[in-house]
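See below for my_file06.txt, which holds compact mmCIF, C-alpha atoms.
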```txt
# COMPACT_ATOMS: atom_id res chain seq x y z
CA MET A 1 -201.64 149.98 62.15
CA SER A 2 -199.37 149.38 59.16
CA SER A 3 -197.32 152.23 57.70
CA LEU A 4 -197.48 150.54 54.29
CA ASN A 5 -199.92 152.16 51.85
CA LEU A 6 -200.84 149.55 49.25
CA ASP A 7 -202.92 152.08 47.31
CA ASP A 8 -199.66 153.58 46.03
CA PHE A 9 -199.23 150.57 43.72
CA THR A 10 -202.35 151.53 41.78
CA ASP A 11 -200.69 154.79 40.76
CA LEU A 12 -197.22 153.31 40.23
CA ILE A 13 -198.20 150.42 37.95
CA GLU A 14 -198.76 151.19 34.28
CA ARG A 15 -199.98 148.81 31.61
CA PRO A 16 -197.47 147.44 29.07
CA ASP A 17 -197.06 149.91 26.19
CA GLY A 18 -200.15 149.68 23.97
CA GLY A 19 -198.53 151.66 21.16
CA VAL A 20 -195.58 149.29 21.07
CA ARG A 21 -197.95 146.33 21.01
CA ARG A 22 -199.74 147.79 17.97
CA ASP A 23 -196.36 148.27 16.28
CA ALA A 24 -195.52 144.64 17.03
CA GLU A 25 -198.85 143.54 15.55
CA ALA A 26 -198.17 145.63 12.44
CA ARG A 27 -194.71 144.09 12.09
CA ARG A 28 -196.24 140.63 12.42
CA GLU A 29 -198.63 141.46 9.54
CA ARG A 30 -195.62 142.18 7.33
CA GLN A 31 -193.76 138.94 8.03
CA ILE A 32 -193.63 136.07 5.56
CA VAL A 33 -195.55 133.62 7.77
CA PRO A 34 -199.27 134.46 7.69
CA PRO A 35 -200.59 136.09 10.90
CA GLY A 36 -202.38 133.59 13.11
CA SER A 37 -200.53 130.59 11.71
CA LEU A 38 -198.23 130.49 14.74
CA GLY A 39 -201.16 130.37 17.13
CA ARG A 40 -200.50 131.66 20.59
CA LEU A 41 -196.84 132.35 19.80
CA ASP A 42 -197.96 135.48 17.97
CA GLU A 43 -199.77 136.75 21.06
CA LEU A 44 -196.80 135.94 23.29
CA GLY A 45 -194.36 137.80 21.08
CA GLU A 46 -196.59 140.86 21.00
CA TRP A 47 -197.11 140.75 24.78
CA LEU A 48 -193.37 140.54 25.36
CA ALA A 49 -192.70 143.43 22.97
CA ALA A 50 -195.18 145.59 24.88
CA ALA A 51 -193.65 144.58 28.21
CA GLN A 52 -190.16 145.43 26.95
CA GLY A 53 -191.31 148.54 25.11
CA ALA A 54 -189.34 147.38 22.08
CA VAL A 55 -190.03 146.38 18.45
CA PRO A 56 -188.59 144.06 17.35
CA VAL A 57 -188.82 142.22 20.64
CA ARG A 58 -185.52 141.48 22.39
CA PRO A 59 -184.56 137.88 23.26
CA VAL A 60 -185.04 136.75 26.86
CA GLU A 61 -181.39 136.48 27.84
CA ARG A 62 -181.32 136.81 31.64
CA PRO A 63 -184.28 134.95 33.13
CA ARG A 64 -184.21 133.76 36.73
CA VAL A 65 -186.23 131.34 38.84
CA VAL A 66 -187.20 132.94 42.17
CA LEU A 67 -188.64 130.63 44.83
CA PHE A 68 -190.07 131.88 48.13
CA ALA A 69 -189.86 129.28 50.89
CA GLY A 70 -191.77 128.72 54.11
CA ASP A 71 -193.43 126.26 56.44
CA HIS A 72 -197.11 126.63 57.39
CA GLY A 73 -198.49 125.66 60.78
CA ILE A 74 -201.66 124.30 59.17
CA ALA A 75 -199.58 121.31 58.01
CA GLU A 76 -199.75 120.04 61.61
CA LEU A 77 -203.33 118.92 60.85
CA GLY A 78 -202.16 116.39 58.26
CA VAL A 79 -203.37 118.38 55.24
CA SER A 80 -200.17 117.62 53.32
CA ALA A 81 -198.52 114.37 52.34
CA ARG A 82 -195.28 115.81 53.68
CA PRO A 83 -194.58 116.14 57.42
CA ALA A 84 -195.13 119.55 58.98
CA GLY A 85 -191.97 121.62 59.03
CA SER A 86 -190.18 119.64 56.31
CA ALA A 87 -189.80 122.37 53.68
CA GLU A 88 -186.15 122.62 54.78
CA GLN A 89 -185.48 119.30 53.02
CA LEU A 90 -187.08 120.56 49.81
CA VAL A 91 -184.99 123.73 49.88
CA ARG A 92 -181.84 121.72 50.51
CA ALA A 93 -182.58 119.57 47.46
CA VAL A 94 -182.99 122.70 45.32
CA LEU A 95 -179.72 124.19 46.55
CA GLU A 96 -177.82 120.92 46.15
CA GLY A 97 -179.09 120.46 42.58
CA GLY A 98 -181.14 117.32 43.09
CA SER A 99 -184.67 118.70 42.71
CA PRO A 100 -186.69 118.80 39.48
CA VAL A 101 -186.37 122.59 39.19
CA SER A 102 -182.59 122.34 39.62
CA VAL A 103 -182.29 119.77 36.85
CA LEU A 104 -184.40 121.79 34.43
CA ALA A 105 -182.71 125.06 35.34
CA ARG A 106 -179.28 123.56 34.60
CA ARG A 107 -180.50 122.30 31.25
CA LEU A 108 -182.02 125.66 30.35
CA ASP A 109 -179.09 127.64 31.83
CA VAL A 110 -181.32 129.60 34.20
CA PRO A 111 -180.10 130.53 37.71
CA VAL A 112 -182.32 129.65 40.69
CA ARG A 113 -182.74 131.89 43.72
CA VAL A 114 -184.35 130.65 46.95
CA VAL A 115 -185.62 133.18 49.49
CA ASP A 116 -186.33 131.78 52.97
CA MET A 117 -189.22 133.70 54.51
CA ALA A 118 -190.44 131.31 57.21
CA LEU A 119 -188.75 127.91 57.13
CA ASP A 120 -189.11 125.92 60.36
CA CYS A 121 -185.40 125.45 60.91
CA PRO A 122 -182.50 127.37 62.48
CA PRO A 123 -181.54 130.45 60.43
CA ASP A 124 -177.96 129.20 60.12
CA ALA A 125 -179.15 126.10 58.24
CA PHE A 126 -178.64 127.90 54.92
CA PRO A 127 -176.31 130.53 53.46
CA GLU A 128 -176.85 134.21 54.23
CA GLU A 129 -178.14 135.00 50.74
CA VAL A 130 -180.98 132.51 51.32
CA VAL A 131 -182.01 133.53 54.86
CA ARG A 132 -181.34 137.28 55.01
CA HIS A 133 -185.00 138.20 54.35
CA ARG A 134 -186.47 135.68 56.83
CA VAL A 135 -189.33 137.05 58.93
CA ARG A 136 -190.01 134.23 61.38
CA ARG A 137 -189.70 130.49 61.94
CA GLY A 138 -192.83 128.96 60.42
CA SER A 139 -196.24 130.61 59.99
CA GLY A 140 -199.18 130.23 62.37
CA ARG A 141 -201.96 127.62 62.14
CA ILE A 142 -204.49 129.63 60.17
CA ASP A 143 -207.59 127.68 61.20
CA VAL A 144 -207.27 128.93 64.78
CA GLU A 145 -204.67 131.74 64.76
CA ASP A 146 -203.16 134.34 62.48
CA ALA A 147 -200.37 133.27 60.19
CA LEU A 148 -198.41 136.42 61.05
CA THR A 149 -198.65 139.58 63.07
CA LEU A 150 -199.41 142.67 60.98
CA ASP A 151 -195.82 143.86 61.50
CA GLU A 152 -194.49 140.52 60.26
CA ALA A 153 -196.79 140.66 57.24
CA GLU A 154 -195.52 144.13 56.40
CA ALA A 155 -191.90 143.00 56.81
CA ALA A 156 -192.51 140.02 54.51
CA PHE A 157 -194.29 142.16 51.93
CA ARG A 158 -191.44 144.69 51.98
CA ALA A 159 -188.93 141.84 51.61
CA GLY A 160 -190.72 140.74 48.45
CA VAL A 161 -190.55 144.29 47.12
CA ALA A 162 -186.83 144.39 47.90
CA VAL A 163 -186.19 141.09 46.10
CA ALA A 164 -188.03 142.41 43.02
CA ASP A 165 -185.86 145.52 43.06
CA GLU A 166 -182.72 143.40 43.41
CA GLU A 167 -183.70 141.32 40.40
CA ALA A 168 -184.63 144.31 38.25
CA ASP A 169 -181.44 146.15 39.21
CA SER A 170 -179.28 143.12 38.42
CA GLY A 171 -180.58 142.92 34.84
CA THR A 172 -183.02 140.02 35.17
CA ASP A 173 -185.37 140.35 32.18
CA LEU A 174 -187.99 137.73 33.12
CA VAL A 175 -188.83 135.91 36.36
CA VAL A 176 -190.18 132.39 36.81
CA LEU A 177 -191.96 132.61 40.17
CA GLY A 178 -192.66 129.63 42.41
CA ASP A 179 -192.70 128.46 46.01
CA VAL A 180 -191.12 125.79 48.18
CA SER A 181 -193.48 125.14 51.06
CA VAL A 182 -195.31 122.59 53.16
CA GLY A 183 -198.92 123.59 53.79
CA GLY A 184 -198.69 126.43 51.29
CA THR A 185 -201.42 125.13 48.99
CA THR A 186 -203.86 125.16 51.92
CA ALA A 187 -203.16 128.81 52.70
CA ALA A 188 -203.36 129.62 48.99
CA ALA A 189 -206.74 127.91 48.69
CA VAL A 190 -208.09 129.99 51.58
CA LEU A 191 -207.00 133.21 49.84
CA VAL A 192 -208.59 132.16 46.56
CA ALA A 193 -211.85 131.07 48.19
CA ALA A 194 -212.04 134.31 50.19
CA LEU A 195 -211.34 136.58 47.22
CA CYS A 196 -213.59 134.67 44.81
CA GLY A 197 -216.44 134.16 47.27
CA THR A 198 -216.49 130.39 46.88
CA ASP A 199 -216.87 127.44 49.25
CA ALA A 200 -213.89 125.52 50.62
CA SER A 201 -214.69 122.36 48.65
CA VAL A 202 -214.44 124.28 45.34
CA VAL A 203 -210.76 125.16 45.89
CA THR A 204 -209.44 122.16 47.83
CA GLY A 205 -206.91 120.22 45.79
CA ARG A 206 -204.64 117.26 46.43
CA GLY A 207 -201.35 119.17 46.60
CA GLY A 208 -198.01 118.49 44.92
CA LEU A 209 -197.48 115.12 46.60
CA ALA A 210 -201.06 113.84 46.30
CA ILE A 211 -203.01 113.27 49.52
CA ASP A 212 -205.59 110.55 50.10
CA ASP A 213 -209.32 111.10 50.61
CA LEU A 214 -209.07 111.36 54.40
CA ALA A 215 -206.34 113.98 54.20
CA TRP A 216 -208.39 115.82 51.56
CA MET A 217 -211.32 116.00 53.98
CA ARG A 218 -209.04 117.34 56.73
CA LYS A 219 -207.68 119.91 54.29
CA CYS A 220 -211.16 120.96 53.24
CA ALA A 221 -212.20 121.39 56.89
CA ALA A 222 -209.07 123.42 57.63
CA ILE A 223 -209.74 125.70 54.65
CA ARG A 224 -213.37 126.11 55.76
CA ASP A 225 -212.30 127.11 59.29
CA ALA A 226 -209.63 129.51 58.02
CA LEU A 227 -212.11 130.97 55.56
CA ARG A 228 -214.34 132.05 58.45
CA ARG A 229 -211.38 133.98 59.83
CA ALA A 230 -210.52 135.48 56.42
CA ARG A 231 -213.89 136.94 55.46
CA PRO A 232 -213.98 139.76 58.07
CA VAL A 233 -210.65 141.19 56.79
CA LEU A 234 -211.28 140.97 53.05
CA GLY A 235 -211.13 144.74 52.65
CA ASP A 236 -207.51 144.95 53.86
CA GLN A 237 -205.16 142.86 51.73
CA LEU A 238 -202.18 143.11 54.10
CA GLN A 239 -204.35 142.05 57.04
CA LEU A 240 -205.71 139.21 54.91
CA LEU A 241 -202.16 137.95 54.26
CA ALA A 242 -201.38 138.24 57.98
CA THR A 243 -204.55 136.39 58.97
CA VAL A 244 -204.59 133.44 56.56
CA GLY A 245 -201.51 133.76 54.33
CA GLY A 246 -197.97 133.39 55.57
CA ALA A 247 -194.61 135.08 55.25
CA ASP A 248 -193.80 133.44 51.92
CA LEU A 249 -197.20 134.38 50.45
CA ALA A 250 -196.96 137.97 51.70
CA ALA A 251 -193.49 138.26 50.18
CA MET A 252 -194.65 136.82 46.84
CA THR A 253 -197.49 139.35 46.74
CA GLY A 254 -195.10 142.25 47.32
CA PHE A 255 -192.71 140.77 44.78
CA LEU A 256 -195.39 140.55 42.07
CA LEU A 257 -196.55 144.12 42.61
CA GLN A 258 -193.04 145.55 42.55
CA CYS A 259 -192.17 143.55 39.42
CA ALA A 260 -195.13 145.25 37.75
CA VAL A 261 -193.87 148.62 38.99
CA ARG A 262 -190.42 147.84 37.55
CA LYS A 263 -191.93 146.50 34.29
CA LEU A 264 -190.38 143.08 34.88
CA PRO A 265 -192.44 140.25 33.32
CA VAL A 266 -193.25 137.23 35.50
CA ILE A 267 -194.32 133.66 34.69
CA LEU A 268 -196.51 132.29 37.49
CA ASP A 269 -196.16 128.68 38.59
CA GLY A 270 -198.89 126.92 40.57
CA VAL A 271 -201.71 127.64 43.00
CA VAL A 272 -199.55 129.51 45.54
CA ALA A 273 -198.26 131.98 42.94
CA ALA A 274 -201.77 132.31 41.49
CA ALA A 275 -203.27 133.06 44.92
CA CYS A 276 -200.67 135.75 45.58
CA ALA A 277 -201.32 137.19 42.14
CA LEU A 278 -205.02 137.36 42.98
CA VAL A 279 -204.27 139.32 46.16
CA ALA A 280 -201.98 141.61 44.15
CA GLN A 281 -204.73 142.17 41.58
CA ARG A 282 -206.98 143.39 44.41
CA VAL A 283 -204.28 145.92 45.27
CA ALA A 284 -203.56 147.12 41.71
CA PHE A 285 -205.91 146.08 38.90
CA ARG A 286 -203.34 146.68 36.13
CA ALA A 287 -200.70 144.39 37.65
CA PRO A 288 -201.83 141.11 35.96
CA ASP A 289 -200.95 142.61 32.56
CA TRP A 290 -197.31 141.91 33.48
CA TRP A 291 -197.80 138.21 34.25
CA LEU A 292 -198.17 134.97 32.33
CA ALA A 293 -199.67 131.76 33.70
CA GLY A 294 -197.02 129.14 33.01
CA HIS A 295 -199.11 126.00 33.26
CA ASP A 296 -202.24 124.32 34.58
CA SER A 297 -201.25 122.34 37.67
CA GLY A 298 -204.65 120.71 38.06
CA GLU A 299 -205.24 122.45 41.41
CA PRO A 300 -208.82 123.78 41.47
CA GLY A 301 -207.75 126.88 43.39
CA GLN A 302 -205.27 127.79 40.68
CA ALA A 303 -207.90 127.41 37.96
CA LYS A 304 -210.30 129.63 39.91
CA ALA A 305 -207.67 132.34 40.46
CA LEU A 306 -206.47 132.36 36.86
CA ASP A 307 -210.03 132.55 35.57
CA ARG A 308 -210.70 135.55 37.82
CA MET A 309 -207.59 137.29 36.40
CA ALA A 310 -208.34 136.22 32.79
CA LEU A 311 -204.95 134.47 32.53
CA GLU A 312 -204.79 131.39 30.30
CA PRO A 313 -202.11 128.78 31.11
CA LEU A 314 -199.45 128.26 28.45
CA LEU A 315 -199.05 124.54 29.11
CA GLU A 316 -201.19 121.66 30.36
CA GLN A 317 -198.84 118.87 31.38
CA GLY A 318 -200.31 117.97 34.78
CA VAL A 319 -197.13 119.04 36.62
CA LYS A 320 -197.92 119.22 40.34
CA VAL A 321 -194.46 119.18 41.91
CA GLY A 322 -194.38 122.92 42.56
CA GLU A 323 -191.07 124.78 43.03
CA GLY A 324 -191.51 126.60 39.71
CA VAL A 325 -191.15 123.50 37.53
CA GLY A 326 -194.32 123.92 35.45
CA ALA A 327 -193.64 127.61 34.87
CA LEU A 328 -190.02 126.90 33.94
CA LEU A 329 -191.20 124.40 31.33
CA SER A 330 -193.04 127.25 29.60
CA LEU A 331 -189.93 129.44 29.36
CA PRO A 332 -188.72 127.86 26.07
CA LEU A 333 -192.13 128.66 24.60
CA VAL A 334 -191.77 132.33 25.54
CA ARG A 335 -188.23 132.41 24.17
CA ALA A 336 -189.41 130.79 20.94
CA ALA A 337 -192.15 133.41 20.57
CA ALA A 338 -189.58 136.19 21.02
CA ALA A 339 -187.22 134.66 18.46
CA LEU A 340 -189.94 134.21 15.84
CA ALA A 341 -191.31 137.71 16.36
CA ALA A 342 -187.83 139.25 16.01
CA GLU A 343 -186.20 137.07 13.36
CA LEU A 344 -188.83 136.06 10.81
CA PRO A 345 -188.13 138.10 7.67
CA GLU A 346 -190.66 140.53 6.27
CA LYS A 347 -192.30 140.05 2.88
CA PRO A 348 -190.59 141.57 -0.14
CA GLU A 349 -191.96 145.00 -1.03
CA SER A 350 -193.67 143.58 -4.11
CA GLU A 351 -195.75 141.20 -1.98
CA LYS A 352 -196.89 143.70 0.64
CA GLU A 353 -200.45 144.92 0.58
CA PRO A 354 -200.63 148.51 -0.70
CA GLU A 355 -201.50 151.15 1.87
CA GLU A 356 -204.99 152.58 1.75
CA SER A 357 -203.70 155.79 0.16
CA GLU A 358 -201.93 153.73 -2.50
CA GLN A 359 -205.00 151.78 -3.64
CA PRO A 360 -205.59 152.26 -7.40
CA GLU A 361 -208.60 154.40 -8.23
CA GLU A 362 -211.58 152.61 -9.67
CA LYS A 363 -212.65 153.56 -13.18
CA GLU A 364 -216.17 154.87 -13.57
```
Any chance you could put this one into structure tokens?
Amino acid sequence: MSSLNLDDFTDLIERPDGGVRRDAEARRERQIVPPGSLGRLDELGEWLAAAQGAVPVRPVERPRVVLFAGDHGIAELGVSARPAGSAEQLVRAVLEGGSPVSVLARRLDVPVRVVDMALDCPPDAFPEEVVRHRVRRGSGRIDVEDALTLDEAEAAFRAGVAVADEEADSGTDLVVLGDVSVGGTTAAAVLVAALCGTDASVVTGRGGLAIDDLAWMRKCAAIRDALRRARPVLGDQLQLLATVGGADLAAMTGFLLQCAVRKLPVILDGVVAAACALVAQRVAFRAPDWWLAGHDSGEPGQAKALDRMALEPLLEQGVKVGEGVGALLSLPLVRAAAALAAELPEKPESEKEPEESEQPEEKE
């Protein structure tokens, strides 16, 4: 029996400040560019103002990419184009600066943090700051066994909470959240199918490195088998993560919830982040108000999860590589929205609409 009470998050998480958002909308009405002419940038600026509790909105000056890493036993079935247990290589590429997210992060001057939760490699393979939250070596094969014990799931969830606190305490003002995993999209699809009540085929995608039709059929069958194991524990979100999630997914769920507690905005990357967000929404219904969907990866499970949370992707570029790349691409858009909301001048007094009390009286 877990000592973790997830119901506490419902009480701890507040919505972004509605009064501040109305003030931001009123300020936007007074600016020289007509309201609505900037499209979704207006909405983004107002959302960010509410999240910050500030009008005018402050610039996003200290964003960070946070990537949770892990290997999933389900990859042994050939559901991924990458070999089982090979997430170590992906993490190494991120740390050495040769991965897509590393290149973009350098260009955008955004630091990248990798958190090893369940890589299938010796713990001394990476620096202490990467491995200190690790729960286990790899996650179980979810079609026939639990991904984690309940104690491991709780430890991973608490690690995610701790990472969120570390980021908030260090001054991070926006997080780009992604994953580095092999087999992670399969586990994510199981969570989405279970929580949305859909069939395996509806959520089975091709993954970051696209799989062929035969691998897709194996993946669909694996999701179907894991889904049978997931349905009996749907009422307990921590048990669900232990049964068919994994240490990285449990940590991401805890991270998202604690970011909402700490009023730290998050941009979600692909299907893994979306699946964890969906679990977190089940825990605390107000939590999604603190998140943005960075992009549409083309994964059907991601689309299903985002639709359930009423989150609309900012970009549609078909980016499937994972590791936070698609979400990071949307960061300049969010920064642009903040700059426009804060820096566009207001209309001269002579051009402003008179207040209702100042309307001239009509002559009889």
If we count only C-alpha atoms and set the cut-off at 8 Å, which residues sit around region 121-132 of chain A, ignoring sequence neighbours fewer than 6 positions away in its own chain? Please answer as a VMD selection string.
chain A and resid 85 88 113 to 115
Can I get the selected residues back with C-alpha atoms, as a PDB file, keeping the file's coordinate frame?
```
ATOM      1  CA  GLY A  85    -191.970 121.620  59.030  1.00  0.00           C
ATOM      2  CA  GLU A  88    -186.150 122.620  54.780  1.00  0.00           C
ATOM      3  CA  ARG A 113    -182.740 131.890  43.720  1.00  0.00           C
ATOM      4  CA  VAL A 114    -184.350 130.650  46.950  1.00  0.00           C
ATOM      5  CA  VAL A 115    -185.620 133.180  49.490  1.00  0.00           C
TER       6      VAL A 115
END
```
Considering all atoms listed in the file, return as a CSV table (one decimal) with C-alpha atoms, in the frame of the given file whatever protein or nucleic-acid residues lie within 9 Å of Leu4 (chain A), sequence-local ones (same chain, fewer than 6 positions apart) excluded.
```csv
chain,number,residue,atom,x,y,z
A,154,GLU,CA,-195.5,144.1,56.4
A,158,ARG,CA,-191.4,144.7,52.0
A,238,LEU,CA,-202.2,143.1,54.1
```
Tell me which protein, DNA and RNA residues are within 7 Å of Ala84 (chain A), counting only C-alpha atoms, leaving out same-chain ones fewer than 5 positions away, and put them as a list in words.
Ala75, Glu76 and Val182 of chain A
Residues near Val144 (chain A), cut-off 12 Å, all atoms listed in the file, skip fewer than 2 positions along chain, as a ChimeraX atom specification:
/A:73-74,77,140-142,146-147,221-230,243-244
Could you take the residues named above and write them with C-alpha atoms, as a compact mmCIF listing (two decimals), in the frame of the given file?
```txt
# COMPACT_ATOMS: atom_id res chain seq x y z
CA GLY A 73 -198.49 125.66 60.78
CA ILE A 74 -201.66 124.30 59.17
CA LEU A 77 -203.33 118.92 60.85
CA GLY A 140 -199.18 130.23 62.37
CA ARG A 141 -201.96 127.62 62.14
CA ILE A 142 -204.49 129.63 60.17
CA ASP A 146 -203.16 134.34 62.48
CA ALA A 147 -200.37 133.27 60.19
CA ALA A 221 -212.20 121.39 56.89
CA ALA A 222 -209.07 123.42 57.63
CA ILE A 223 -209.74 125.70 54.65
CA ARG A 224 -213.37 126.11 55.76
CA ASP A 225 -212.30 127.11 59.29
CA ALA A 226 -209.63 129.51 58.02
CA LEU A 227 -212.11 130.97 55.56
CA ARG A 228 -214.34 132.05 58.45
CA ARG A 229 -211.38 133.98 59.83
CA ALA A 230 -210.52 135.48 56.42
CA THR A 243 -204.55 136.39 58.97
CA VAL A 244 -204.59 133.44 56.56
```
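For the atom pair formed by CA of Glu152 (chain A) and CA of Ala194 (chain A), the distance is 21.2 Å, given to one decimal.
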Just checking: using all atoms listed in the file, which residue out of A:Ala338, A:Met117, A:Leu292, A:Met309 ends up closest to Gln52 (chain A)?
A:Ala338
Length of the CA of Ile211 (chain A) to CA of Leu177 (chain A) vector [Å]:
24.2 Å
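If all atoms listed in the file are the atoms counted, then among A:Val65, A:Leu104, A:Ala24, A:Leu148 the closest residue to Ala242 (chain A) is A:Leu148.
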Of the residues A:Ala293, A:Leu41, A:Leu314, A:Ile32, which is the one nearest to Arg335 (chain A), using only C-alpha atoms?
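Checking each candidate against Arg335 (chain A), we get A:Leu41 as the closest.
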Provide the CA of Pro63 (chain A) to CA of Pro111 (chain A) distance in Å, to one decimal place.
7.6 Å
Under the rule of at most 10 Å, produce a per-residue listing of region 122-186 of chain A near region 256-263 of chain A: chain, number, name, the closest pair of atoms, and the distance in Å, as CSV, using all atoms listed in the file.
```
residue,atom,partner,partner_atom,distance
A:Phe157,CA,A:Leu257,CA,9.8
A:Arg158,CA,A:Gln258,CA,9.6
A:Gly160,CA,A:Leu256,CA,7.9
A:Val161,CA,A:Gln258,CA,5.4
A:Ala162,CA,A:Gln258,CA,8.3
A:Val163,CA,A:Gln258,CA,8.9
A:Ala164,CA,A:Cys259,CA,5.6
A:Asp165,CA,A:Gln258,CA,7.2
A:Glu167,CA,A:Cys259,CA,8.8
A:Ala168,CA,A:Arg262,CA,6.8
A:Asp169,CA,A:Arg262,CA,9.3
A:Asp173,CA,A:Lys263,CA,9.2
A:Leu174,CA,A:Cys259,CA,9.5
A:Val175,CA,A:Cys259,CA,8.9
A:Leu177,CA,A:Leu256,CA,8.9
```
Tell me which of A:Pro332, A:Gly294, A:Pro313, A:Gly183 sits closest to Pro83 (chain A), counting only C-alpha atoms.
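Among A:Pro332, A:Gly294, A:Pro313, A:Gly183, it is A:Gly183 that comes nearest to Pro83 (chain A).
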In terms of the shortest atom-to-atom distance over all atoms listed in the file, which of A:Ala69, A:Val94, A:Leu333, A:Ala310 is closest to Leu119 (chain A)?
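Once distances to Leu119 (chain A) are computed over all atoms listed in the file, the minimum belongs to A:Ala69.
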Which polymer residues, protein or nucleic acid, are no farther than 10 Å from (-205.2, 146.7, 37.5), counting all atoms listed in the file, as a VMD selection string?
chain A and resid 9 to 11 13 to 15 280 to 289 309
Using 4 Å of padding on each side, determine the axis-aligned box around all atoms of region 168-180 of chain A present in the file and give its centre and edge lengths in Å to one decimal, as JSON.
```
{"center_x": -186.0, "center_y": 136.0, "center_z": 40.2, "size_x": 21.4, "size_y": 28.4, "size_z": 24.0}
```
Between A:Ala247, A:Glu349, A:Phe255, A:Trp290, which one has atoms that come closest to Asp17 (chain A), using all atoms listed in the file?
A:Trp290
Which neighbours of Leu329 (chain A) fall inside 10 Å, counting only C-alpha atoms, when residues of the same chain fewer than 5 positions from it are skipped, and could you give them as a ChimeraX atom specification?
/A:101,104-105,108,176,269,294-295,314-315,317,319,324,334
Would you mind putting back all heavy atoms on region 343-348 of chain A, then writing it out as a CSV table (one decimal), in the frame of the given file?
```csv
chain,number,residue,atom,x,y,z
A,343,GLU,N,-187.1,137.5,14.4
A,343,GLU,CA,-186.2,137.1,13.4
A,343,GLU,C,-186.9,136.6,12.1
A,343,GLU,O,-186.2,136.5,11.0
A,343,GLU,CB,-185.3,135.9,13.9
A,343,GLU,CG,-184.5,136.4,15.1
A,343,GLU,CD,-183.7,135.2,15.7
A,343,GLU,OE1,-183.5,134.2,15.0
A,343,GLU,OE2,-183.4,135.3,16.9
A,344,LEU,N,-188.2,136.4,12.1
A,344,LEU,CA,-188.8,136.1,10.8
A,344,LEU,C,-188.7,137.2,9.8
A,344,LEU,O,-189.0,138.4,10.2
A,344,LEU,CB,-190.3,135.7,11.0
A,344,LEU,CG,-190.6,134.3,11.5
A,344,LEU,CD1,-192.1,134.2,11.8
A,344,LEU,CD2,-190.2,133.3,10.5
A,345,PRO,N,-188.3,137.0,8.6
A,345,PRO,CA,-188.1,138.1,7.7
A,345,PRO,C,-189.5,138.7,7.2
A,345,PRO,O,-190.5,138.0,7.3
A,345,PRO,CB,-187.4,137.5,6.5
A,345,PRO,CG,-187.7,136.0,6.6
A,345,PRO,CD,-187.8,135.7,8.0
A,346,GLU,N,-189.4,139.9,6.8
A,346,GLU,CA,-190.7,140.5,6.3
A,346,GLU,C,-190.8,140.2,4.8
A,346,GLU,O,-189.9,139.8,4.1
A,346,GLU,CB,-190.6,142.0,6.5
A,346,GLU,CG,-190.6,142.4,7.9
A,346,GLU,CD,-190.7,144.0,8.1
A,346,GLU,OE1,-191.0,144.7,7.2
A,346,GLU,OE2,-190.4,144.4,9.3
A,347,LYS,N,-192.0,140.3,4.3
A,347,LYS,CA,-192.3,140.0,2.9
A,347,LYS,C,-191.5,141.0,2.0
A,347,LYS,O,-191.3,142.2,2.4
A,347,LYS,CB,-193.8,140.2,2.6
A,347,LYS,CG,-194.7,139.3,3.4
A,347,LYS,CD,-196.1,139.7,3.2
A,347,LYS,CE,-197.1,139.0,4.2
A,347,LYS,NZ,-198.5,139.5,4.1
A,348,PRO,N,-191.2,140.6,0.8
A,348,PRO,CA,-190.6,141.6,-0.1
A,348,PRO,C,-191.6,142.7,-0.4
A,348,PRO,O,-192.8,142.5,-0.3
A,348,PRO,CB,-190.3,140.7,-1.4
A,348,PRO,CG,-190.3,139.3,-0.9
A,348,PRO,CD,-191.2,139.3,0.3
```
